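Data first, discussion second: the structure below is written as structure tokens.
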Amino acid sequence: MADLASKLPLSPAPITPEQLEQGSSLWSDAWARLRKNKLALGSLFMFILIGLFCVVGPWLSPYDSQAQNLFAGAEGPSADHWFGTDTLGRDLMVRVMEGGRISLLVGLVATSVSLLIGVVYGATAGYIGGKVDAGMMRFVDLLYALPFTIFVILLMVAFGRSLWLMFVAIGCVEWLTMARIVRAGVIDLKKQEFVEAAVSLGLSNRRIILRHLIPNVLGPVIVIATLTVPAVMLLEAFLSFLGLGVQPPNASWGVLINEGQQNMEIFAWLLIFPAFFFALTLFCLNFLGDGLRDALDPKSAGD
Amino acid sequence: MALLEVSGLTTHFHTRNGVVRAVDGVSFSVDRGETLGIVGESGSGKSVTCYSLLRLIPEPPGRIESGTAMFDGQDLLQMTQAQLRQVRGKRISMIFQDPMTSLNPYLRISTQLVEALQVHSDIDDKAALAKAIAALEEVGIPEASRRVRSYPHEFSGGMRQRVMIAMALITDPDLLIADEPTTALDVTVQAQILEIIRQRQEKLGTAVILVTHDLGVVAGTCDKVNVMYAGRIMESGTAEQVFYEARHPYTRALQKTIPSLQKKGQKLFTIPGLPPDLAKPITGCAFYPRCPYPKVAGPVGDVPVLRDLGNGHCHAECHFCDSTAPIESVLPEDLAEDAVVGDAAPAEGGAA
Amino acid sequence: MVKFIGLRLLQGAIVLLAIYAVTFFLVAMTPGSPFSSERAIRPEILAQIEAFYGYDKPALERFWLSLVNMLQGEFGPSAVYANRSVTDIIGEAFPVSLQLGGMALVIALLLGIPAGIIAAVKRNTWLDYLPMSLAMAGICLPSFVMGPMLALLFGIILRLLPVAGWFGPEYWILPAGTLGLVYAAYFARLTRGGMLEMLNQDWVRTARAKGVPERQIIFKHCLKGGLIPAITFLGPALAGIISGSFVVETIFQVPGLGQWFVRGALNRDDFLILGLTLLFAALIVVMNLLVDIAQVALNPRLKHG
């Protein structure tokens with residue numbers, strides 16, 4: 001076919017190995033699509049703002065999050081304390097900022113743990129294939145069907161309520177979707193024509209993995225990772241709300257929401273501020289994840 | 001008056017990348033009992049033409065911009081949804097390209113056959129089922145009374161296309177539109193399916209529009225032929241006229257791509273180049289960039305008009321339509337002369 | 001079909017056994033015993049109590065003992081609440097949780113599925129955008145945020161509904177609503193996705209070409225396949241509603257199993273944790289079994305293939 005095509009006037013040039021290696025258009029296309037999605041872009045911007053607020057904020061605030069002032073206990077928002085103070089007279093704004101630090105930290109670290117487990121597990125299953133793959137994925141199916149929040153609770157009870165344990169415990173239950181996605185991507189790629197083409201053109205294994213497998217599985221992995229961050233933050237807040245997660249005097253948004261909920265009949269702001277920031281962060285991450293999915297995986301963005 | 005009279009049909013798709021002019025001012029007519037073939041490469045607008053007639057294109061992004069389609073005195077393109085439903089499946093039926101995806105996998109064959117009847121008439125379940133079984137027998141499905149209870153996935157592709165034909169014809173429509181009914185099937189099954197359509201047409205007197213990219217299919221079955229390219233009709237006439245007296249270079253080039261019509265050992269011919277991007281406005285002859293004839297002058301006109309030769313044979317205006325030079329004479333030397341034995345790659349135009 | 005169900009039942013039993021074993025050894029690994037905390041008890045009395053509950057024996061032996069008891073429906077005593085057996089607690093609190101969870105599931109399905117169907121059929125109109133934005137809100141507002149917010153609005157500001165207790169229908173609304181709304185959001189999104197996939201199929205075009213009315217296309221041709229994602233989600237939804245009930249029952253002071261489980265976890269009430277984990281897991285395993293059966297029943301390709 002190739003020599004026939006080259007003789008024809010006006011026919012497209014035969015595909016060269018260089019063209020096969022051009023993965024960059026996928027990313028620039030994705031970026032162009034993402035830029036058009038105002039909701040996703042706004043979410044990204046808002047998420048960065050929240051991140052800055054939580055990370056930088058405490059250094060700029062005149063208050064110490066642990067400093068109690070019982071004379072200024074549970075005051076509503078004012079010029080001194082923009083978010084008001086809690087029942088022990090601690091400035092709520094600093095508490096929300098520092099709570100956010102812990103919540104975001106859990107989100108990032110636990111997601112990394114789940115990413116590590118999920119990618120290794122999924123890639124192994126997909127690469128080996130056959131019976132091993134079937135068995136490994138059946139195991140994932142089984143775990144999917146289990147009450148995994150109960151397990152996180154049990155883990156926290158059994159091993160004490162430390163922050164680092166929580167990272168691992170949450171990461172250990174949130175890797176299932178990641179494993180499925182990576183496996184599907186690997187299997188998909190193994191039989192795709194351009195990989196076969198790359199093999200037949202004599203590209204080395206390492207190059208195929210570097211230039212084709214990783215860039216092509218990376219898209220869905222980024223999407224799932226973005227959506228895992230809010231999921232693990234939710235789980236952390238859930239545990240902290242029940243008193244099984246972050247322990248006082250440290251606070252995460254879940255702890256603050258719990259404190260607020262106990263006092264909401266009189267001091268509603270104690271609930272409203274942390275709940276607002278928590279919900280806003282989840283909104284942003286979910287919209288960003290959806291936007292990334294639409295941008296990186298145009299096939300599934302048909303609707 | 002013809003059963004269906006289409007004139008100036010224009011269908012555009014408003015996509016992110018611009019307006020795709022899928023069908024651009026197409027006119028033709030079909031009489032009762034007649035078979036019209038519409039041929040062209042993929043993306044030539046032949047399927048969109050058919051979907052536009054029954055307004056089955058997804059809107060948005062698709063939109064029928066202008067034109068009329070007078071069916072038995074009524075304009076299909078101006079009908080309300082309710083009026084349209086009375087026509088669809090009752091007076092005009094359709095068969096689709098891929099029988100594997102065109103039947104609902106969640107419903108029994110019987111349900112789907114009976115539905116076509118019950119939507120359009122007050123027939124009771126028992127009588128409808130009897131008719132459904134009879135319809136299956138007529139398209140040659142053995143043990144129809146048992147197999148009517150099956151689900152589509154229990155049937156092979158050829159059998160499913162038979163079911164599609166039975167379903168389309170169960171209401172005795174005046175017009176059957178078959179959109180590449182054999183493309184997804186094995187070669188041996190293709191002939192059977194076409195024969196079934198022909199038999200049923202003879203018996204019921206149905207008019208048929210047969211869409212295909214296979215000129216061989218057209219030669220064997222059609223009375224009239226439209227050759228489409230880039231959303232426009234390039235040449236139309238009786239099958240004999242289009243085959244033996246082809247005027248337009250595109251038609252001539254298309255004929256060259258039929259492997260069975262060429263000498264044994266001849267290198268397979270593909271039309272050089274790719275069809276034009278329909279998202280960009282095309283001025284002049286759409287085939288001009290790929291035309292093998294020497295480019296003596298610029299393309300003709302804005303949109304070349306169809307010239308009627310007086311006997312129903314029409315073709316788009318072109319510098320070379322009256323040229324008697326055979327297309328081989330204008331092809332590059334090595335292509336015309338080279339004889340390579342055993343190169344049996346499929347030759348769909350341009351897809352080198 | 002019978003073979004399929006039998007196989008799945010067997011699988012479910014194995015899963016339950018595994019869950020029980022993991023739970024048991026997780027609890028057993030925890031240092032100390034439930035009786036060593038908080039109260040100052042004389043060591044010899046502590047030893048006596050621990051001997052009574054079998055804590056002087058090795059873990060493996062205790063595991064078999066408890067397994068045999070469990071199979072006989074004897075879940076053991078509550079370690080923290082004297083004179084209460086776990087069976088008693090379940091008998092008292094399970095009906096409450098069952099009612100709460102059942103109502104939440106009904107709310108989720110009755111709101112979510114119609115919303116998803118409408119959004120899919122009317123896609124890219126306000127009938128799609130509005131419910132889907134609300135659904136996104138529902139997914140981002142977890143029950144422990146939505147619950148206090150609803151309580152604040154309807155209970156404290158508007159004074160329409162009681163915010164604590166479980167004494168009659170007006171007490172049910174907020175807890176069941178909180179729990180149901182979150183999952184209504186998931187069901188709406190899944191149903192919309194499933195219906196959209198069906199509506200884009202080639203055979204929908206075939207049905208339109210037959211002149212089938214749009215309503216019939218939606219309900220007869222698309223609903224069966226379109227509901228499969230939502231039905232598949234019933235298992236995870238039940239698991240979510242159970243863990244959601246931990247929070248909701250705490251917020252609204254509902255005397256259900258969720259509150260007991262949280263208290264058990266905080267106080268190291270071993271038998272209570274074990275019994276409730278097994279009960280929850282059994283519920284979820286049964287639900288997943290029902291979902292598997294429903295999937296086969298809905299999809300003819302699975303039934304015959």
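By order of appearance in the structure tokens: chains A, B, ..., then residues from 1 within every chain, and ligands from 1 in the order shown.
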Determine, using only C-alpha atoms, which residues of chain A have any atom at most 6 Å from an atom of chain C, and tabulate each with its shortest atom pair and distance in Å to one decimal place, rows ordered by chain and then rising number, as JSON lines.
```
{"residue": "A:Pro147", "atom": "CA", "partner": "C:Ala239", "partner_atom": "CA", "distance": 5.3}
{"residue": "A:Ala158", "atom": "CA", "partner": "C:Thr30", "partner_atom": "CA", "distance": 4.7}
{"residue": "A:Gln261", "atom": "CA", "partner": "C:Pro148", "partner_atom": "CA", "distance": 5.8}
{"residue": "A:Ala279", "atom": "CA", "partner": "C:Leu141", "partner_atom": "CA", "distance": 5.8}
{"residue": "A:Leu282", "atom": "CA", "partner": "C:Cys140", "partner_atom": "CA", "distance": 5.5}
{"residue": "A:Phe283", "atom": "CA", "partner": "C:Cys140", "partner_atom": "CA", "distance": 5.6}
```
Please list as a JSON list (two decimals) with C-alpha atoms, in the first residue's frame every residue within 7 Å of B:His248, counting only C-alpha atoms and excluding residues in the same chain fewer than 4 positions away.
```json
[["chain", "number", "residue", "atom", "x", "y", "z"],
["B", 234, "MET", "CA", -22.48, 15.00, -9.82],
["B", 235, "GLU", "CA", -24.35, 12.91, -12.30],
["B", 252, "ARG", "CA", -15.66, 7.79, -14.58],
["B", 315, "HIS", "CA", -24.43, 15.94, -14.98],
["B", 321, "CYS", "CA", -17.82, 16.13, -19.63]]
```
Could you give me, as a VMD selection string, each residue of stretch 61-301 of chain C that DSSP assigns to helix (DSSP H, G or I) when run on this structure's backbone? chain C and resid 61 to 71 86 to 121 126 to 140 143 to 157 169 to 199 202 to 209 214 to 226 228 to 232 234 to 251 257 to 267 270 to 298 300 to 301
Contact residues around C:Ala115 with only C-alpha atoms at 10 Å, ignoring same-chain residues under 6 positions, as a compact mmCIF listing (two decimals) with N, CA and C atoms, in the first residue's frame:
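Once written, part_16.txt looks like this:
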```
# COMPACT_ATOMS: atom_id res chain seq x y z
N LEU C 109 -34.75 7.13 45.27
CA LEU C 109 -35.19 6.56 43.99
C LEU C 109 -36.30 7.39 43.38
N LEU C 127 -34.48 22.03 32.00
CA LEU C 127 -34.93 20.83 32.69
C LEU C 127 -33.80 19.82 32.88
N ASP C 128 -32.72 20.03 32.15
CA ASP C 128 -31.51 19.22 32.35
C ASP C 128 -30.57 19.94 33.32
N LEU C 130 -31.02 22.42 35.54
CA LEU C 130 -31.45 22.66 36.92
C LEU C 130 -31.31 21.41 37.79
N PRO C 131 -31.97 20.29 37.39
CA PRO C 131 -31.81 19.12 38.26
C PRO C 131 -30.36 18.64 38.36
N MET C 132 -29.58 18.80 37.29
CA MET C 132 -28.21 18.32 37.35
C MET C 132 -27.32 19.21 38.22
N ALA C 135 -28.17 18.17 41.59
CA ALA C 135 -27.56 16.88 41.87
C ALA C 135 -26.10 17.06 42.23
N ALA C 184 -30.29 10.61 46.10
CA ALA C 184 -31.11 11.03 44.96
C ALA C 184 -30.21 11.66 43.91
N ALA C 185 -29.24 12.44 44.37
CA ALA C 185 -28.32 13.09 43.45
C ALA C 185 -27.54 12.07 42.63
N PHE C 187 -28.39 8.92 42.03
CA PHE C 187 -29.30 8.19 41.14
C PHE C 187 -29.67 9.05 39.94
N ALA C 188 -29.87 10.34 40.17
CA ALA C 188 -30.23 11.22 39.05
C ALA C 188 -29.12 11.24 38.01
N ARG C 189 -27.87 11.39 38.46
CA ARG C 189 -26.76 11.44 37.50
C ARG C 189 -26.60 10.12 36.76
N THR C 191 -28.90 7.77 36.27
CA THR C 191 -30.03 7.51 35.38
C THR C 191 -29.90 8.37 34.12
N ARG C 192 -29.49 9.63 34.30
CA ARG C 192 -29.33 10.49 33.14
C ARG C 192 -28.30 9.89 32.18
```
Using only C-alpha atoms, I'd like every residue of chain B that has an atom within 8 Å of chain C; please write them out as a list in words.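 So the contacting residues turn out to be Leu54, Leu56, Leu84, Arg85, Gln86, Val87, Arg88, Gly89, Lys90, Ser93, Met94, Ile95, Phe96, Thr101, Ser102, Leu103, Asn104, Pro105, Tyr106, Leu107, Glu115, Ala116, Val119, His120, Tyr151, His153 and Ala168 of chain B.
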What lies within 12 Å of B:Pro281 using only C-alpha atoms, ignoring chain neighbours under 6 positions off, as a JSON list (two decimals) with C-alpha atoms, in the first residue's frame?
```
[["chain", "number", "residue", "atom", "x", "y", "z"],
["B", 12, "HIS", "CA", -26.11, 21.50, 7.39],
["B", 18, "GLY", "CA", -17.95, 25.35, 11.68],
["B", 19, "VAL", "CA", -20.91, 24.62, 9.44],
["B", 20, "VAL", "CA", -20.59, 21.27, 7.70],
["B", 21, "ARG", "CA", -22.50, 21.36, 4.41],
["B", 22, "ALA", "CA", -23.41, 17.70, 4.39],
["B", 24, "ASP", "CA", -25.97, 20.97, -0.56],
["B", 230, "ALA", "CA", -19.33, 16.42, -1.31],
["B", 231, "GLY", "CA", -23.05, 16.83, -0.67],
["B", 302, "ASP", "CA", -19.72, 28.96, -8.13],
["B", 303, "VAL", "CA", -21.66, 25.76, -7.83]]
```
So which residues touch stretch 67-82 of chain C within 8 Å, counting only C-alpha atoms, skipping near sequence neighbours fewer than 4 positions away, as JSON, numbers by chain? {"C": [34, 35, 63, 86, 87, 267, 269, 270, 271, 272, 275]}
Deliver the residues from the most recent selection as a file, using C-alpha atoms, as a PDB file, in the first residue's frame.
```pdb
ATOM      1  CA  PRO C  34     -12.803  -2.939  76.488  1.00  0.00           C
ATOM      2  CA  PHE C  35     -12.802  -3.088  80.285  1.00  0.00           C
ATOM      3  CA  PHE C  63     -12.511 -16.405  67.200  1.00  0.00           C
ATOM      4  CA  VAL C  86     -25.923  -7.171  71.447  1.00  0.00           C
ATOM      5  CA  THR C  87     -28.970  -9.127  70.297  1.00  0.00           C
ATOM      6  CA  ASN C 267     -15.798   2.954  73.459  1.00  0.00           C
ATOM      7  CA  ASP C 269     -17.356  -2.274  72.607  1.00  0.00           C
ATOM      8  CA  ASP C 270     -15.988  -5.381  70.867  1.00  0.00           C
ATOM      9  CA  PHE C 271     -19.058  -7.569  70.631  1.00  0.00           C
ATOM     10  CA  LEU C 272     -21.229  -4.691  69.532  1.00  0.00           C
ATOM     11  CA  GLY C 275     -22.239  -7.930  65.606  1.00  0.00           C
TER      12      GLY C 275
END
```
Please indicate the distance in Å from atom CA of A:Gly171 to atom CA of A:Thr111, rounded to one decimal place.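 We find that atom CA of A:Gly171 and atom CA of A:Thr111 lie 6.2 Å from each other.
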Residues flagged strand (DSSP E) by DSSP in stretch 136-248 of chain B, as a list in words: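 Taking stretch 136-248 of chain B and keeping strand (DSSP E) gives Leu175, Leu176, Ile177, Ala178, Asp179, Ala207, Val208, Ile209, Leu210, Val211, Thr212, Lys224, Val225, Asn226, Val227, Met228, Tyr229, Arg232, Ile233, Met234, Glu235, Ser236, Gly237 and Thr238 of chain B.
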Near A:Trp164, within 12 Å and counting only C-alpha atoms, which residues show up once chain neighbours fewer than 6 positions away are dropped, as a PDB file with C-alpha atoms, in the first residue's frame?
```pdb
ATOM      1  CA  ILE A 102      -5.305  19.523  57.420  1.00  0.00           C
ATOM      2  CA  LEU A 105      -3.281  17.700  53.295  1.00  0.00           C
ATOM      3  CA  VAL A 106      -5.388  14.603  53.858  1.00  0.00           C
ATOM      4  CA  VAL A 109      -1.609  12.579  50.733  1.00  0.00           C
ATOM      5  CA  ALA A 110      -4.418  10.014  50.827  1.00  0.00           C
ATOM      6  CA  VAL A 113      -1.517   6.659  48.500  1.00  0.00           C
ATOM      7  CA  MET A 156      -8.956   3.928  63.149  1.00  0.00           C
ATOM      8  CA  ILE A 170      -8.335   6.207  53.523  1.00  0.00           C
ATOM      9  CA  GLY A 171      -5.881   5.578  50.702  1.00  0.00           C
ATOM     10  CA  GLU A 236     -11.757  12.370  56.433  1.00  0.00           C
ATOM     11  CA  GLY A 245     -10.498  11.271  62.741  1.00  0.00           C
ATOM     12  CA  VAL A 246      -8.459  14.346  63.556  1.00  0.00           C
TER      13      VAL A 246
END
```
Measure the distance from atom CA of A:Gln262 to atom CA of C:Leu100 in Å and round it to one decimal.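 Separation of atom CA of A:Gln262 and atom CA of C:Leu100: 21.8 Å.
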So which one's closest to chain B, A:Leu234, A:Ala123, A:Trp27, A:Lys36? Using only C-alpha atoms, please.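 Of A:Leu234, A:Ala123, A:Trp27, A:Lys36, the one nearest chain B, counting only C-alpha atoms, is A:Lys36.
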